[in-house]
Amino acid sequence: QSKTEPYFQGPKWYVSYDAGTGSKEGSPEDPMRDIQDGIDAASEGDTVFVLPGTYERNDDLNLEFKNHNDDSPKPVVLMSRGGPDSTIIDCGGDETAFDISHGTDTTLQIIGFNIINGWGQGPSYGAAINIKGYNVGGQSPNSQAVFQNCIIEDNDGHGPTVYIEGGMGIFRDCVIRNNRREYDEMNNAIPGGAFRVTSQYFGAGSGDLNVGVLVLDRSKVLSNFLDNTDTGSMGV
């Protein structure tokens, strides 16, 4: 009897940067190659294990946690097997790592990654991480995520390293260090090099307001800096 692809059904999925030439079904013996493929194959509540390596392909960046048929949230556990010393998401100096903007709750957990070389496209874009609420179907849920045991470093650009707009980011046992925010001449305010947190208002008459929330739990924020801090306000 022929098997329907993908015939491996989880609920633990595996990703390896140097996955071979097999079907890449996501099993321990035949892992997928790209992180987004693992997220897409998983169901809500599943775990995606990422094996040690440097992940820098297109489907390892701008990672989204949603069901593609209706854009509904897909909270999963995304966990490295080797921790941040050996599992790196390298944004290549022109992309971001995570786009969390589809209404996930705190059952979305991202554990054990080193996130480097992200680029903030503007003041409302995080170089490494974006967490934003959204308006869909007349409702305005916020988006939430927990980052644990992650190192977020050496990111750059015209926005902060982590941008939270109408969402909640919880950072537990993380290190956010050595990130730079460049001054953008189009703006007279300078968000912080590490974080910018703001609320999200969906317009007159809607009455919908998502409050931005940042929680730092046993985390370190150090040696983040700004260039050209000669005008406006500053953050962290």
# chains A, B, ... in the order shown; residues from 1 in each chain; ligands from 1
$ residues_around --residues "range 54-67 of chain A" --least-positions-apart "5" --cutoff "7 Å" --atoms "only C-alpha atoms" --output "PyMOL selection string"
chain A and resi 17+34-36+39+72-75+87-92+95-100+102
$ closest_atom_pairs --of "range 139-197 of chain A" --to "range 111-120 of chain A" --cutoff "8 Å" --atoms "only C-alpha atoms" --output "CSV"
residue,atom,partner,partner_atom,distance
A:Phe147,CA,A:Ile111,CA,5.9
A:Gln148,CA,A:Ile111,CA,4.7
A:Asn149,CA,A:Gly112,CA,4.9
A:Cys150,CA,A:Phe113,CA,4.8
A:Ile151,CA,A:Asn114,CA,4.6
A:Ile152,CA,A:Ile115,CA,4.8
A:Glu153,CA,A:Ile116,CA,5.3
A:Asp154,CA,A:Ile116,CA,5.5
A:Asn155,CA,A:Asn117,CA,4.6
A:Asp156,CA,A:Trp119,CA,5.1
A:Gly157,CA,A:Gly120,CA,4.3
A:His158,CA,A:Gly120,CA,5.1
A:Gly159,CA,A:Gly120,CA,4.6
A:Pro160,CA,A:Gly120,CA,6.7
A:Thr161,CA,A:Gly120,CA,7.1
$ write_last_selection --atoms "all heavy atoms" --output "JSON list (two decimals), in the first residue's frame"
[["chain", "number", "residue", "atom", "x", "y", "z"],
["A", 147, "PHE", "N", 10.41, 33.07, 24.74],
["A", 147, "PHE", "CA", 11.77, 32.71, 24.32],
["A", 147, "PHE", "C", 12.54, 32.28, 25.57],
["A", 147, "PHE", "O", 12.54, 33.00, 26.58],
["A", 147, "PHE", "CB", 12.47, 33.90, 23.66],
["A", 147, "PHE", "CG", 11.95, 34.22, 22.29],
["A", 147, "PHE", "CD1", 10.79, 34.96, 22.13],
["A", 147, "PHE", "CD2", 12.60, 33.76, 21.16],
["A", 147, "PHE", "CE1", 10.29, 35.25, 20.87],
["A", 147, "PHE", "CE2", 12.12, 34.04, 19.89],
["A", 147, "PHE", "CZ", 10.95, 34.79, 19.75],
["A", 148, "GLN", "N", 13.17, 31.14, 25.48],
["A", 148, "GLN", "CA", 13.88, 30.59, 26.64],
["A", 148, "GLN", "C", 15.27, 30.11, 26.23],
["A", 148, "GLN", "O", 15.44, 29.44, 25.20],
["A", 148, "GLN", "CB", 13.08, 29.43, 27.24],
["A", 148, "GLN", "CG", 13.67, 28.84, 28.49],
["A", 148, "GLN", "CD", 12.73, 27.84, 29.16],
["A", 148, "GLN", "OE1", 11.52, 27.93, 29.02],
["A", 148, "GLN", "NE2", 13.29, 26.89, 29.88],
["A", 149, "ASN", "N", 16.27, 30.45, 27.06],
["A", 149, "ASN", "CA", 17.64, 30.01, 26.85],
["A", 149, "ASN", "C", 18.12, 30.36, 25.44],
["A", 149, "ASN", "O", 18.72, 29.55, 24.75],
["A", 149, "ASN", "CB", 17.78, 28.50, 27.09],
["A", 149, "ASN", "CG", 19.22, 28.04, 27.08],
["A", 149, "ASN", "OD1", 20.13, 28.79, 27.44],
["A", 149, "ASN", "ND2", 19.46, 26.81, 26.65],
["A", 150, "CYS", "N", 17.85, 31.59, 25.03],
["A", 150, "CYS", "CA", 18.31, 32.07, 23.73],
["A", 150, "CYS", "C", 19.35, 33.16, 23.92],
["A", 150, "CYS", "O", 19.31, 33.92, 24.89],
["A", 150, "CYS", "CB", 17.14, 32.62, 22.90],
["A", 150, "CYS", "SG", 15.98, 31.36, 22.33],
["A", 151, "ILE", "N", 20.28, 33.24, 22.97],
["A", 151, "ILE", "CA", 21.23, 34.34, 22.90],
["A", 151, "ILE", "C", 20.90, 35.13, 21.64],
["A", 151, "ILE", "O", 20.86, 34.58, 20.54],
["A", 151, "ILE", "CB", 22.68, 33.83, 22.86],
["A", 151, "ILE", "CG1", 23.01, 33.04, 24.13],
["A", 151, "ILE", "CG2", 23.65, 35.00, 22.70],
["A", 151, "ILE", "CD1", 24.37, 32.36, 24.09],
["A", 152, "ILE", "N", 20.64, 36.42, 21.81],
["A", 152, "ILE", "CA", 20.24, 37.29, 20.70],
["A", 152, "ILE", "C", 21.30, 38.37, 20.60],
["A", 152, "ILE", "O", 21.38, 39.26, 21.45],
["A", 152, "ILE", "CB", 18.84, 37.87, 20.96],
["A", 152, "ILE", "CG1", 17.84, 36.73, 21.22],
["A", 152, "ILE", "CG2", 18.39, 38.73, 19.79],
["A", 152, "ILE", "CD1", 16.53, 37.19, 21.81],
["A", 153, "GLU", "N", 22.13, 38.30, 19.57],
["A", 153, "GLU", "CA", 23.31, 39.16, 19.54],
["A", 153, "GLU", "C", 23.70, 39.54, 18.12],
["A", 153, "GLU", "O", 23.33, 38.89, 17.15],
["A", 153, "GLU", "CB", 24.49, 38.48, 20.24],
["A", 153, "GLU", "CG", 24.92, 37.17, 19.58],
["A", 153, "GLU", "CD", 26.04, 36.47, 20.33],
["A", 153, "GLU", "OE1", 26.65, 37.08, 21.22],
["A", 153, "GLU", "OE2", 26.31, 35.29, 20.01],
["A", 154, "ASP", "N", 24.45, 40.66, 18.04],
["A", 154, "ASP", "CA", 25.06, 41.11, 16.78],
["A", 154, "ASP", "C", 24.02, 41.39, 15.70],
["A", 154, "ASP", "O", 24.24, 41.12, 14.52],
["A", 154, "ASP", "CB", 26.09, 40.09, 16.29],
["A", 154, "ASP", "CG", 27.23, 39.89, 17.27],
["A", 154, "ASP", "OD1", 27.56, 40.85, 18.00],
["A", 154, "ASP", "OD2", 27.77, 38.77, 17.35],
["A", 155, "ASN", "N", 22.88, 41.92, 16.13],
["A", 155, "ASN", "CA", 21.86, 42.36, 15.18],
["A", 155, "ASN", "C", 21.97, 43.86, 14.96],
["A", 155, "ASN", "O", 22.51, 44.59, 15.79],
["A", 155, "ASN", "CB", 20.48, 41.96, 15.69],
["A", 155, "ASN", "CG", 20.33, 40.46, 15.80],
["A", 155, "ASN", "OD1", 20.13, 39.77, 14.79],
["A", 155, "ASN", "ND2", 20.45, 39.92, 17.01],
["A", 156, "ASP", "N", 21.43, 44.35, 13.86],
["A", 156, "ASP", "CA", 21.69, 45.73, 13.44],
["A", 156, "ASP", "C", 20.48, 46.25, 12.67],
["A", 156, "ASP", "O", 19.52, 45.53, 12.42],
["A", 156, "ASP", "CB", 22.94, 45.74, 12.54],
["A", 156, "ASP", "CG", 23.62, 47.10, 12.49],
["A", 156, "ASP", "OD1", 23.01, 48.09, 12.89],
["A", 156, "ASP", "OD2", 24.78, 47.15, 12.02],
["A", 157, "GLY", "N", 20.51, 47.52, 12.31],
["A", 157, "GLY", "CA", 19.50, 48.06, 11.43],
["A", 157, "GLY", "C", 18.82, 49.30, 11.97],
["A", 157, "GLY", "O", 19.24, 49.90, 12.95],
["A", 158, "HIS", "N", 17.72, 49.70, 11.30],
["A", 158, "HIS", "CA", 17.01, 50.92, 11.62],
["A", 158, "HIS", "C", 15.89, 50.70, 12.63],
["A", 158, "HIS", "O", 15.11, 51.63, 12.89],
["A", 158, "HIS", "CB", 16.45, 51.54, 10.34],
["A", 158, "HIS", "CG", 17.50, 51.90, 9.34],
["A", 158, "HIS", "ND1", 18.48, 52.83, 9.61],
["A", 158, "HIS", "CD2", 17.76, 51.43, 8.09],
["A", 158, "HIS", "CE1", 19.29, 52.95, 8.56],
["A", 158, "HIS", "NE2", 18.87, 52.10, 7.63],
["A", 159, "GLY", "N", 15.79, 49.53, 13.18],
["A", 159, "GLY", "CA", 14.82, 49.25, 14.24],
["A", 159, "GLY", "C", 15.50, 48.55, 15.39],
["A", 159, "GLY", "O", 16.68, 48.19, 15.32],
["A", 160, "PRO", "N", 14.78, 48.34, 16.48],
["A", 160, "PRO", "CA", 15.35, 47.64, 17.63],
["A", 160, "PRO", "C", 15.57, 46.17, 17.32],
["A", 160, "PRO", "O", 15.10, 45.66, 16.30],
["A", 160, "PRO", "CB", 14.27, 47.83, 18.70],
["A", 160, "PRO", "CG", 13.00, 47.91, 17.92],
["A", 160, "PRO", "CD", 13.35, 48.66, 16.66],
["A", 161, "THR", "N", 16.25, 45.49, 18.19],
["A", 161, "THR", "CA", 16.46, 44.06, 17.99],
["A", 161, "THR", "C", 15.16, 43.28, 18.13],
["A", 161, "THR", "O", 14.86, 42.38, 17.36],
["A", 161, "THR", "CB", 17.50, 43.55, 19.01],
["A", 161, "THR", "OG1", 18.71, 44.27, 18.80],
["A", 161, "THR", "CG2", 17.75, 42.06, 18.84]]
$ residues_around --residues "Gly166 in chain A" --least-positions-apart "4" --cutoff "8 Å" --atoms "only C-alpha atoms" --output "PyMOL selection string"
chain A and resi 131-133+142-143+198-200+209-213
$ atom_distance --atom1 "CA of Leu214 in chain A" --atom2 "CA of Glu165 in chain A"
10.2 Å
$ select_by_dssp --residues "chain A" --states "alpha helix (DSSP H)" --output "PDB file with C-alpha atoms, in the first residue's frame"
ATOM      1  CA  ILE A  35      12.942  25.118  10.034  1.00  0.00           C
ATOM      2  CA  GLN A  36       9.803  26.552   8.389  1.00  0.00           C
ATOM      3  CA  ASP A  37       9.072  23.142   6.863  1.00  0.00           C
ATOM      4  CA  GLY A  38       9.115  21.625  10.339  1.00  0.00           C
ATOM      5  CA  ILE A  39       6.738  24.287  11.667  1.00  0.00           C
ATOM      6  CA  ASP A  40       4.417  23.843   8.689  1.00  0.00           C
ATOM      7  CA  ALA A  41       4.277  20.061   9.122  1.00  0.00           C
TER       8      ALA A  41
END
$ select_by_dssp --residues "range 34-205 of chain A" --states "strand (DSSP E or B)" --output "PyMOL selection string"
chain A and resi 47-50+53-55+63+66+73+77-80+87-90+98-100+109-111+114-116+119-120+129-132+136+139+144-148+151-153+156-157+162-165+168-172+175-177+180-181+195-198+200-201
$ residues_around --residues "Gly10 in chain A" --least-positions-apart "5" --cutoff "8 Å" --atoms "only C-alpha atoms" --output "number ranges by chain"
A: 26-27, 42, 46
$ closest_residue --among "A:Gly53, A:Pro84, A:Pro28, A:Pro11" --to "Cys174 in chain A" --atoms "only C-alpha atoms"
A:Pro84
$ residues_around --residues "Gly45 in chain A" --least-positions-apart "4" --cutoff "8 Å" --atoms "only C-alpha atoms" --output "list in words"
Pro75, Val76, Val77 and Thr107 of chain A
$ atom_distance --atom1 "CA of Arg177 in chain A" --atom2 "CA of Arg218 in chain A"
14.3 Å
$ atom_distance --atom1 "CA of Ala145 in chain A" --atom2 "CA of Leu216 in chain A"
12.4 Å
$ residues_around --residues "Leu78 in chain A" --least-positions-apart "3" --cutoff "8 Å" --atoms "only C-alpha atoms" --output "PyMOL selection string"
chain A and resi 39+47-50+108-111
$ closest_residue --among "A:Phe195, A:Tyr125, A:Tyr134, A:Tyr14" --to "Gly167 in chain A" --atoms "only C-alpha atoms"
A:Tyr134
